[in-house]
>>> print(open('target35.tsv').read())   # TSV, C-alpha atoms and all ligand atoms
chain	number	residue	atom	x	y	z
A	1	MET	CA	-54.60	-34.93	3.47
A	2	ALA	CA	-54.37	-33.55	-0.03
A	3	GLN	CA	-55.12	-29.84	-0.26
A	4	ARG	CA	-58.79	-29.14	-0.87
A	5	THR	CA	-58.70	-27.00	-3.99
A	6	LEU	CA	-61.58	-24.84	-5.13
A	7	ALA	CA	-62.25	-27.40	-7.87
A	8	ARG	CA	-62.53	-30.21	-5.32
A	9	TYR	CA	-64.77	-28.12	-3.03
A	10	LEU	CA	-67.10	-27.37	-5.94
A	11	ILE	CA	-67.22	-31.01	-7.04
A	12	GLU	CA	-68.12	-32.02	-3.47
A	13	GLU	CA	-70.84	-29.35	-3.33
A	14	GLN	CA	-72.18	-30.60	-6.65
A	15	ARG	CA	-71.89	-34.35	-6.05
A	16	ASN	CA	-72.39	-34.78	-2.33
A	17	LYS	CA	-74.88	-32.03	-1.61
A	18	GLY	CA	-76.52	-31.38	-4.95
A	19	VAL	CA	-76.12	-27.72	-4.10
A	20	ILE	CA	-74.84	-26.57	-7.49
A	21	THR	CA	-75.10	-27.56	-11.13
A	22	ALA	CA	-72.17	-28.45	-13.38
A	23	ASP	CA	-72.61	-25.12	-15.19
A	24	LEU	CA	-72.51	-23.13	-11.95
A	25	LYS	CA	-69.40	-25.06	-10.90
A	26	PHE	CA	-67.82	-24.17	-14.25
A	27	LEU	CA	-68.87	-20.51	-13.89
A	28	ILE	CA	-67.23	-20.19	-10.47
A	29	GLU	CA	-64.03	-21.87	-11.68
A	30	VAL	CA	-63.87	-19.49	-14.67
A	31	VAL	CA	-64.41	-16.47	-12.40
A	32	SER	CA	-61.72	-17.74	-10.01
A	33	ARG	CA	-59.23	-18.03	-12.89
A	34	ALA	CA	-60.12	-14.50	-14.00
A	35	CYS	CA	-59.46	-13.28	-10.43
A	36	GLN	CA	-56.09	-15.04	-10.56
A	37	ALA	CA	-55.26	-13.20	-13.79
A	38	ILE	CA	-56.37	-9.88	-12.23
A	39	SER	CA	-54.20	-10.62	-9.19
A	40	ILE	CA	-51.19	-11.17	-11.42
A	41	ALA	CA	-51.82	-7.93	-13.34
A	42	ILE	CA	-52.22	-5.95	-10.10
A	43	GLY	CA	-49.08	-7.55	-8.68
A	44	LYS	CA	-47.01	-6.05	-11.49
A	45	GLY	CA	-48.03	-2.51	-10.37
A	46	GLY	CA	-45.70	0.15	-11.68
A	47	LEU	CA	-43.56	-2.51	-13.37
A	48	GLY	CA	-46.44	-3.59	-15.61
A	49	GLY	CA	-47.55	-0.19	-16.83
A	50	VAL	CA	-51.01	-0.87	-15.37
A	51	LEU	CA	-51.25	1.97	-12.86
A	52	GLY	CA	-52.86	5.35	-13.35
A	53	GLU	CA	-55.85	6.62	-15.26
A	54	ALA	CA	-57.30	4.95	-18.33
A	55	GLY	CA	-58.38	8.32	-19.69
A	56	SER	CA	-62.04	7.25	-19.81
A	57	ALA	CA	-65.08	7.43	-17.51
A	58	ASN	CA	-67.56	4.71	-16.53
A	59	VAL	CA	-71.33	4.77	-16.38
A	60	GLN	CA	-71.08	6.30	-12.91
A	61	GLY	CA	-69.18	9.21	-14.44
A	62	GLU	CA	-66.09	8.16	-12.48
A	63	ALA	CA	-62.64	8.31	-14.07
A	64	GLN	CA	-61.52	4.76	-14.84
A	65	LYS	CA	-58.15	3.41	-13.82
A	66	LYS	CA	-56.26	1.26	-16.31
A	67	LEU	CA	-56.78	-1.70	-13.97
A	68	ASP	CA	-60.57	-1.06	-13.85
A	69	VAL	CA	-60.73	-1.47	-17.62
A	70	LEU	CA	-58.28	-4.39	-17.71
A	71	SER	CA	-60.10	-6.28	-14.92
A	72	ASN	CA	-63.41	-5.80	-16.71
A	73	GLU	CA	-61.95	-7.12	-19.97
A	74	ILE	CA	-60.41	-10.14	-18.21
A	75	LEU	CA	-63.79	-11.10	-16.74
A	76	LEU	CA	-65.65	-10.58	-20.04
A	77	ASP	CA	-63.10	-12.53	-22.10
A	78	ALA	CA	-62.98	-15.38	-19.57
A	79	ASN	CA	-66.74	-15.82	-19.42
A	80	GLU	CA	-68.29	-15.11	-22.81
A	81	TRP	CA	-67.34	-18.35	-24.68
A	82	GLY	CA	-68.14	-20.99	-22.04
A	83	GLY	CA	-71.83	-21.55	-22.74
A	84	HIS	CA	-72.78	-21.09	-19.07
A	85	LEU	CA	-73.96	-17.48	-19.23
A	86	ALA	CA	-76.93	-15.68	-20.77
A	87	ALA	CA	-75.39	-12.23	-20.15
A	88	MET	CA	-73.04	-10.23	-17.92
A	89	ALA	CA	-73.35	-6.85	-16.20
A	90	SER	CA	-70.55	-4.75	-14.76
A	91	GLU	CA	-70.06	-1.51	-12.84
A	92	GLU	CA	-67.79	-0.49	-15.71
A	93	MET	CA	-70.39	-0.92	-18.47
A	94	ASP	CA	-73.55	1.13	-18.97
A	95	LEU	CA	-75.42	-1.81	-20.52
A	96	PRO	CA	-75.18	-5.58	-20.02
A	97	HIS	CA	-72.88	-7.61	-22.25
A	98	THR	CA	-74.97	-10.20	-24.10
A	99	ILE	CA	-73.29	-13.39	-25.29
A	100	PRO	CA	-72.14	-13.17	-28.96
A	101	HIS	CA	-74.17	-15.39	-31.28
A	102	ARG	CA	-71.07	-17.47	-32.11
A	103	TYR	CA	-71.19	-18.87	-28.56
A	104	PRO	CA	-73.93	-20.95	-26.86
A	105	GLN	CA	-76.04	-19.22	-24.23
A	106	GLY	CA	-76.38	-20.59	-20.71
A	107	GLU	CA	-78.83	-20.17	-17.86
A	108	TYR	CA	-76.86	-17.85	-15.58
A	109	LEU	CA	-76.41	-14.09	-15.29
A	110	LEU	CA	-73.10	-12.84	-13.92
A	111	LEU	CA	-72.76	-9.38	-12.36
A	112	PHE	CA	-69.52	-7.90	-11.10
A	113	ASP	CA	-67.60	-4.92	-9.84
A	114	PRO	CA	-64.37	-5.95	-11.56
A	115	LEU	CA	-62.12	-3.85	-9.36
A	116	ASP	CA	-63.60	-2.33	-6.21
A	117	GLY	CA	-61.65	0.32	-4.34
A	118	SER	CA	-59.97	1.86	-7.37
A	119	SER	CA	-58.84	4.91	-5.37
A	120	ASN	CA	-56.47	2.52	-3.58
A	121	ILE	CA	-54.85	1.00	-6.68
A	122	ASP	CA	-52.03	3.53	-7.08
A	123	VAL	CA	-51.20	3.57	-3.36
A	124	ASP	CA	-50.78	-0.22	-3.02
A	125	VAL	CA	-53.71	-0.78	-0.66
A	126	SER	CA	-55.93	-3.87	-0.91
A	127	ILE	CA	-58.60	-3.83	-3.65
A	128	GLY	CA	-60.89	-6.54	-4.91
A	129	THR	CA	-63.42	-8.08	-7.26
A	130	ILE	CA	-67.06	-8.63	-6.26
A	131	PHE	CA	-69.40	-10.95	-8.17
A	132	SER	CA	-73.00	-12.11	-8.01
A	133	VAL	CA	-74.78	-14.93	-9.87
A	134	LEU	CA	-78.48	-15.03	-10.79
A	135	LYS	CA	-80.53	-17.43	-12.90
A	136	CYS	CA	-81.70	-15.93	-16.19
A	137	PRO	CA	-85.53	-15.83	-16.15
A	138	GLU	CA	-87.27	-18.15	-18.64
A	139	GLY	CA	-88.10	-16.33	-21.85
A	140	ALA	CA	-86.00	-13.27	-20.99
A	141	ASP	CA	-85.47	-10.88	-23.89
A	142	LEU	CA	-81.71	-10.96	-24.54
A	143	SER	CA	-81.98	-9.69	-28.12
A	144	THR	CA	-80.16	-6.45	-27.33
A	145	PRO	CA	-78.10	-5.15	-24.40
A	146	GLU	CA	-80.85	-2.60	-23.69
A	147	ALA	CA	-83.56	-5.27	-23.61
A	148	SER	CA	-81.46	-7.63	-21.47
A	149	GLU	CA	-81.28	-5.24	-18.50
A	150	ALA	CA	-84.73	-6.36	-17.30
A	151	ALA	CA	-83.48	-9.95	-16.78
A	152	PHE	CA	-81.03	-8.72	-14.14
A	153	LEU	CA	-83.59	-6.84	-12.04
A	154	GLN	CA	-84.09	-9.51	-9.36
A	155	PRO	CA	-83.90	-9.15	-5.56
A	156	GLY	CA	-80.74	-10.27	-3.76
A	157	THR	CA	-82.62	-13.27	-2.35
A	158	ALA	CA	-82.59	-14.68	-5.90
A	159	GLN	CA	-78.79	-15.00	-5.96
A	160	VAL	CA	-77.53	-18.57	-6.42
A	161	ALA	CA	-73.92	-17.65	-5.62
A	162	ALA	CA	-71.81	-14.64	-4.66
A	163	GLY	CA	-68.21	-14.00	-3.81
A	164	TYR	CA	-65.31	-11.60	-3.68
A	165	ALA	CA	-61.58	-11.67	-4.18
A	166	VAL	CA	-59.27	-9.47	-2.10
A	167	TYR	CA	-55.95	-8.59	-3.76
A	168	GLY	CA	-53.89	-7.94	-0.64
A	169	PRO	CA	-50.79	-9.47	0.97
A	170	THR	CA	-52.38	-12.73	-0.18
A	171	THR	CA	-55.14	-13.10	-2.75
A	172	VAL	CA	-58.22	-14.66	-1.15
A	173	LEU	CA	-61.48	-15.76	-2.76
A	174	VAL	CA	-64.49	-15.84	-0.43
A	175	LEU	CA	-67.48	-17.71	-1.82
A	176	SER	CA	-70.98	-18.87	-0.98
A	177	VAL	CA	-73.31	-21.03	-3.07
A	178	GLY	CA	-75.96	-20.84	-0.34
A	179	ASP	CA	-74.30	-23.48	1.83
A	180	GLY	CA	-72.26	-21.27	4.18
A	181	VAL	CA	-69.16	-19.20	3.41
A	182	THR	CA	-65.77	-20.67	2.38
A	183	CYS	CA	-62.41	-18.89	2.00
A	184	PHE	CA	-59.74	-19.93	-0.49
A	185	THR	CA	-56.19	-18.59	-0.78
A	186	LEU	CA	-54.35	-18.32	-4.10
A	187	ASP	CA	-51.40	-20.71	-4.29
A	188	ARG	CA	-49.05	-18.63	-6.39
A	189	GLU	CA	-46.58	-21.45	-7.03
A	190	GLN	CA	-49.03	-24.06	-8.25
A	191	GLY	CA	-51.73	-21.63	-9.40
A	192	GLY	CA	-55.33	-22.10	-8.30
A	193	PHE	CA	-57.16	-21.45	-5.04
A	194	VAL	CA	-56.83	-23.72	-1.98
A	195	LEU	CA	-59.43	-23.91	0.80
A	196	THR	CA	-58.06	-22.16	3.90
A	197	GLN	CA	-61.21	-21.58	5.97
A	198	GLU	CA	-64.71	-23.05	5.80
A	199	ALA	CA	-67.97	-22.25	7.59
A	200	MET	CA	-66.90	-18.64	8.24
A	201	ARG	CA	-69.05	-17.11	11.01
A	202	ILE	CA	-69.38	-13.44	11.98
A	203	PRO	CA	-69.58	-12.84	15.76
A	204	ALA	CA	-72.99	-11.38	16.69
A	205	ASP	CA	-71.34	-8.57	18.68
A	206	THR	CA	-68.35	-6.40	17.89
A	207	ALA	CA	-66.29	-3.46	19.11
A	208	GLU	CA	-65.05	-2.35	15.70
A	209	PHE	CA	-66.83	-0.09	13.19
A	210	ALA	CA	-66.06	1.06	9.67
A	211	ILE	CA	-67.41	4.36	8.31
A	212	ASN	CA	-65.98	7.38	6.50
A	213	MET	CA	-66.02	9.93	9.36
A	214	ALA	CA	-65.44	12.81	6.92
A	215	ASN	CA	-69.14	12.54	6.02
A	216	GLN	CA	-70.35	12.89	9.62
A	217	ARG	CA	-72.10	16.24	9.13
A	218	HIS	CA	-74.15	14.70	6.29
A	219	TRP	CA	-75.46	11.66	8.20
A	220	GLU	CA	-79.04	11.14	9.32
A	221	ALA	CA	-79.82	11.32	13.05
A	222	PRO	CA	-79.82	7.54	13.77
A	223	VAL	CA	-76.27	7.14	12.43
A	224	GLN	CA	-75.13	10.33	14.18
A	225	ARG	CA	-76.46	8.86	17.45
A	226	TYR	CA	-74.91	5.42	16.94
A	227	VAL	CA	-71.43	6.68	16.01
A	228	ALA	CA	-71.46	9.22	18.86
A	229	GLU	CA	-72.33	6.43	21.32
A	230	MET	CA	-69.45	4.29	20.02
A	231	GLN	CA	-67.10	7.26	20.38
A	232	GLN	CA	-68.23	7.72	24.02
A	233	GLY	CA	-66.84	4.25	24.69
A	234	LYS	CA	-67.38	2.40	27.96
A	235	ASP	CA	-68.72	5.50	29.74
A	236	GLY	CA	-71.41	5.88	27.08
A	237	ALA	CA	-74.68	4.08	26.35
A	238	LEU	CA	-72.94	1.10	24.74
A	239	GLY	CA	-70.72	0.48	27.76
A	240	LYS	CA	-67.59	-0.51	25.85
A	241	ASP	CA	-64.74	1.05	23.90
A	242	TYR	CA	-64.82	0.70	20.12
A	243	ASN	CA	-62.06	0.72	17.49
A	244	MET	CA	-62.41	2.16	13.96
A	245	ARG	CA	-61.13	0.98	10.59
A	246	TRP	CA	-61.87	2.47	7.13
A	247	VAL	CA	-59.86	1.03	4.20
A	248	GLY	CA	-61.72	2.74	1.36
A	249	SER	CA	-62.13	-0.66	-0.31
A	250	MET	CA	-65.41	-2.32	0.62
A	251	VAL	CA	-63.98	-5.78	-0.06
A	252	ALA	CA	-61.16	-5.23	2.46
A	253	ASP	CA	-63.53	-3.91	5.15
A	254	VAL	CA	-66.02	-6.72	4.53
A	255	HIS	CA	-63.28	-9.37	4.62
A	256	ARG	CA	-62.10	-8.04	7.99
A	257	ILE	CA	-65.69	-8.31	9.25
A	258	MET	CA	-65.99	-11.84	7.79
A	259	THR	CA	-62.80	-12.74	9.63
A	260	ARG	CA	-63.25	-11.05	13.06
A	261	GLY	CA	-66.62	-9.30	13.11
A	262	GLY	CA	-67.48	-5.61	12.92
A	263	ILE	CA	-69.99	-3.26	11.34
A	264	PHE	CA	-69.54	-1.49	7.98
A	265	MET	CA	-71.66	1.55	7.15
A	266	TYR	CA	-72.07	3.63	4.05
A	267	PRO	CA	-75.40	5.12	5.16
A	268	LEU	CA	-77.72	7.45	3.31
A	269	ASP	CA	-76.39	10.97	3.74
A	270	ALA	CA	-77.15	14.44	2.44
A	271	LYS	CA	-74.41	14.10	-0.19
A	272	THR	CA	-75.70	10.87	-1.75
A	273	ARG	CA	-79.41	11.09	-0.92
A	274	ASP	CA	-80.49	12.14	-4.41
A	275	LYS	CA	-78.67	9.13	-5.88
A	276	GLY	CA	-80.11	6.75	-3.27
A	277	GLY	CA	-76.77	6.12	-1.60
A	278	LYS	CA	-73.13	5.56	-2.53
A	279	LEU	CA	-72.75	1.81	-3.06
A	280	ARG	CA	-74.37	-0.10	-5.92
A	281	LEU	CA	-77.08	-2.62	-5.15
A	282	MET	CA	-76.67	-5.27	-7.84
A	283	TYR	CA	-72.91	-5.92	-7.76
A	284	GLU	CA	-71.73	-4.54	-4.42
A	285	ALA	CA	-74.47	-4.52	-1.74
A	286	ASN	CA	-76.36	-7.65	-2.83
A	287	PRO	CA	-73.38	-10.06	-3.14
A	288	MET	CA	-71.88	-8.76	0.11
A	289	ALA	CA	-75.26	-8.99	1.87
A	290	PHE	CA	-75.67	-12.59	0.65
A	291	LEU	CA	-72.24	-13.54	2.02
A	292	ILE	CA	-72.72	-11.68	5.31
A	293	GLU	CA	-76.08	-13.39	5.96
A	294	GLN	CA	-74.64	-16.78	5.00
A	295	ALA	CA	-72.01	-16.15	7.71
A	296	GLY	CA	-74.65	-15.29	10.35
A	297	GLY	CA	-74.47	-11.51	9.99
A	298	ALA	CA	-77.09	-8.97	8.88
A	299	ALA	CA	-77.26	-6.45	6.02
A	300	SER	CA	-79.72	-3.56	5.93
A	301	THR	CA	-80.22	-0.13	4.38
A	302	GLY	CA	-81.20	0.97	7.90
A	303	ARG	CA	-84.84	0.70	6.86
A	304	GLN	CA	-85.04	-2.64	5.03
A	305	ARG	CA	-83.13	-5.89	4.49
A	306	ILE	CA	-80.86	-5.36	1.48
A	307	LEU	CA	-81.61	-8.77	-0.04
A	308	ASP	CA	-85.35	-7.96	-0.15
A	309	ILE	CA	-84.96	-4.82	-2.30
A	310	GLU	CA	-86.79	-5.08	-5.63
A	311	PRO	CA	-84.36	-3.38	-8.04
A	312	ASP	CA	-85.65	-1.04	-10.75
A	313	ARG	CA	-82.32	-0.04	-12.33
A	314	LEU	CA	-79.14	-2.01	-13.00
A	315	HIS	CA	-76.83	0.63	-11.49
A	316	GLN	CA	-79.02	1.79	-8.64
A	317	ARG	CA	-77.39	2.73	-5.35
A	318	VAL	CA	-78.44	1.90	-1.78
A	319	PRO	CA	-77.34	2.71	1.77
A	320	VAL	CA	-75.41	-0.16	3.35
A	321	ILE	CA	-75.17	-1.15	7.03
A	322	LEU	CA	-73.81	-4.70	7.41
A	323	GLY	CA	-71.88	-7.01	9.74
A	324	SER	CA	-72.34	-8.33	13.29
A	325	LYS	CA	-76.04	-8.90	13.60
A	326	ASN	CA	-76.59	-7.39	17.06
A	327	GLU	CA	-74.91	-4.12	16.05
A	328	VAL	CA	-76.83	-3.94	12.77
A	329	ALA	CA	-80.06	-4.60	14.71
A	330	ARG	CA	-79.21	-1.69	17.03
A	331	VAL	CA	-78.71	0.74	14.12
A	332	VAL	CA	-81.89	-0.48	12.41
A	333	GLY	CA	-83.70	0.04	15.72
A	334	TYR	CA	-82.48	3.65	15.86
A	335	HIS	CA	-83.92	4.17	12.36
A	336	GLY	CA	-87.26	2.78	13.57
B	401	LIG	P1	-65.24	6.89	0.16
B	401	LIG	C1	-64.77	2.28	-3.49
B	401	LIG	O1	-64.83	3.32	-4.44
B	401	LIG	C2	-66.13	2.16	-2.82
B	401	LIG	O2	-67.10	1.90	-3.78
B	401	LIG	C3	-66.09	1.08	-1.76
B	401	LIG	O3	-65.25	0.04	-2.10
B	401	LIG	C4	-65.60	1.83	-0.53
B	401	LIG	O4	-66.05	1.26	0.69
B	401	LIG	C5	-66.20	3.21	-0.72
B	401	LIG	O5	-66.44	3.38	-2.13
B	401	LIG	C6	-65.26	4.30	-0.24
B	401	LIG	O6	-65.95	5.52	-0.35
B	401	LIG	O7	-66.36	7.91	0.07
B	401	LIG	O8	-64.78	6.64	1.57
B	401	LIG	O9	-64.11	7.12	-0.80
>>> encode(input="target35.tsv", output="structure tokens", more="lines below")
Ligand code: P6P
Amino acid sequence: MAQRTLARYLIEEQRNKGVITADLKFLIEVVSRACQAISIAIGKGGLGGVLGEAGSANVQGEAQKKLDVLSNEILLDANEWGGHLAAMASEEMDLPHTIPHRYPQGEYLLLFDPLDGSSNIDVDVSIGTIFSVLKCPEGADLSTPEASEAAFLQPGTAQVAAGYAVYGPTTVLVLSVGDGVTCFTLDREQGGFVLTQEAMRIPADTAEFAINMANQRHWEAPVQRYVAEMQQGKDGALGKDYNMRWVGSMVADVHRIMTRGGIFMYPLDAKTRDKGGKLRLMYEANPMAFLIEQAGGAASTGRQRILDIEPDRLHQRVPVILGSKNEVARVVGYHG
């Protein structure tokens, strides 16, 4: 049977299931081509002069890598002319990017972390792109970037699509339009993404956890208890041995969980409490939570379902505990 390309999958979702509109199909294809361009730029590494610092800082006050800036520009340039978007928001930009008047405006809002895991760029470890799609509210004020921020402040349950790309040994694109989770692999010879796994499901139980152990002294009691029990292994309360992985790129840890289960935690801790957490709600936690739930997993702050959070700032941060639903339920129970 002919390969099922991303384009064919999207046409089938649009035509057979009425799940997506033509504009949303176009949006996802444009984003996928931008991810392909980012993958090519990353693949050049030291040969392409794209490694190292950009010499600038982003809205988070973090030093930007050249590839952070390049990836952001690739996504902006790819999306602003198509007529499918009302505005875009990015981890790398303080304010949203409204569509220039020379282009038609569309009904969708696109949010993205153009390159997640930047600390891994220069050491050749997997990094990725995370994106989220919302509908632009009727009558939203898009007259200025400042005014347009309000249009983005919607709970994660309002997402119409979300996905991530992992730039690793292969480049994969994992996508949901609310009809389950599908994985595509970049065909480097022909170009374009080919469906390699559909209906991805996360096992309800796991024996593998992901957390940055260096922060242990800063964690709240429920997380201290949970991690200690996993470390006690089969002689402890959980009655089984656990393994640990921490890549330092959320997309790589989440993709492992999508593929074989697990639990990922960046919980509230004493270091990040005053900021509300480490990871950003709108373009990291929400898209990942959407995908995880679509694959049968769970995603919580420890105290509430991530997708239910009513955002009040574009760049707000939240604690994240996501993955195999029975493990997440246990940790949430400990917070109770
Ligand atoms: P730490 C990358 O900067 C990121 O936002 C996530 O991709 C990743 O899971 C986390 O931060 C890593 O944080 O504190 O371990 O460096």
>>> closest_residue(input="target35.tsv", among="A:Ile130, A:Ala207, A:Ala295, A:Ala289", to="ligand LIG 401 (chain B)", atoms="only C-alpha atoms and all ligand atoms")
A:Ile130
>>> residues_near_ligand(input="target35.tsv", ligand="ligand LIG 401 (chain B)", cutoff="6 Å", atoms="only C-alpha atoms and all ligand atoms", output="PyMOL selection string")
chain A and resi 116-118+212+248-250+279
>>> atom_distance(input="target35.tsv", atom1="CA of Lys271 (chain A)", atom2="CA of Asp241 (chain A)")
29.1 Å
>>> closest_residue(input="target35.tsv", among="A:Ala285, A:Val174, A:Gly45, A:Val254", to="Val123 (chain A)", atoms="all atoms listed in the file")
A:Gly45
>>> closest_residue(input="target35.tsv", among="A:Leu27, A:Ala57, A:Leu51, A:Leu173", to="Gly83 (chain A)", atoms="all atoms listed in the file")
A:Leu27
>>> closest_residue(input="target35.tsv", among="A:Asp179, A:Ala78, A:Cys35, A:Thr170", to="Gly18 (chain A)", atoms="all atoms listed in the file")
A:Asp179
>>> closest_residue(input="target35.tsv", among="A:Glu208, A:Glu189, A:Asp23, A:Asp94", to="Ile257 (chain A)", atoms="all atoms listed in the file")
A:Glu208
>>> residues_around(input="target35.tsv", residues="region 318-327 of chain A", least_positions_apart="4", cutoff="7 Å", atoms="all atoms listed in the file", output="VMD selection string")
chain A and resid 202 to 206 257 261 to 268 276 to 281 285 292 297 to 302 331
>>> closest_residue(input="target35.tsv", among="A:Asn286, A:Thr182, A:Asn215, A:Ser56", to="Pro311 (chain A)", atoms="all atoms listed in the file")
A:Asn286
>>> closest_atom_pairs(input="target35.tsv", of="region 85-133 of chain A", to="region 141-165 of chain A", cutoff="6 Å", atoms="all atoms listed in the file", output="CSV")
residue,atom,partner,partner_atom,distance
A:Leu95,CA,A:Pro145,CA,5.8
A:Pro96,CA,A:Pro145,CA,5.3
A:Thr98,CA,A:Pro145,CA,5.9
A:Gly128,CA,A:Ala165,CA,5.2
A:Thr129,CA,A:Ala165,CA,5.1
A:Ile130,CA,A:Tyr164,CA,4.3
A:Phe131,CA,A:Gly163,CA,5.5
A:Ser132,CA,A:Ala162,CA,4.4
A:Val133,CA,A:Ala161,CA,5.1
>>> write_last_selection(input="target35.tsv", atoms="C-alpha atoms", output="compact mmCIF listing (two decimals), keeping the file's coordinate frame")
# COMPACT_ATOMS: atom_id res chain seq x y z
CA LEU A 95 -75.42 -1.81 -20.52
CA PRO A 96 -75.18 -5.58 -20.02
CA THR A 98 -74.97 -10.20 -24.10
CA GLY A 128 -60.89 -6.54 -4.91
CA THR A 129 -63.42 -8.08 -7.26
CA ILE A 130 -67.06 -8.63 -6.26
CA PHE A 131 -69.40 -10.95 -8.17
CA SER A 132 -73.00 -12.11 -8.01
CA VAL A 133 -74.78 -14.93 -9.87
>>> residues_near_point(input="target35.tsv", point="(-65.2, -27.7, -9.6)", cutoff="9 Å", atoms="only C-alpha atoms", output="VMD selection string")
chain A and resid 5 to 14 22 24 to 26 28 to 29
>>> residues_near_point(input="target35.tsv", point="(-79.6, -21.7, -16.4)", cutoff="8 Å", atoms="only C-alpha atoms", output="list in words")
Asp23, His84, Leu85, Ala86, Gly106, Glu107, Tyr108, Lys135 and Cys136 of chain A
>>> residues_around(input="target35.tsv", residues="Gln60 (chain A)", least_positions_apart="4", cutoff="10 Å", atoms="all atoms listed in the file", output="MDAnalysis selection string")
chainID A and resid 64 91:94 315
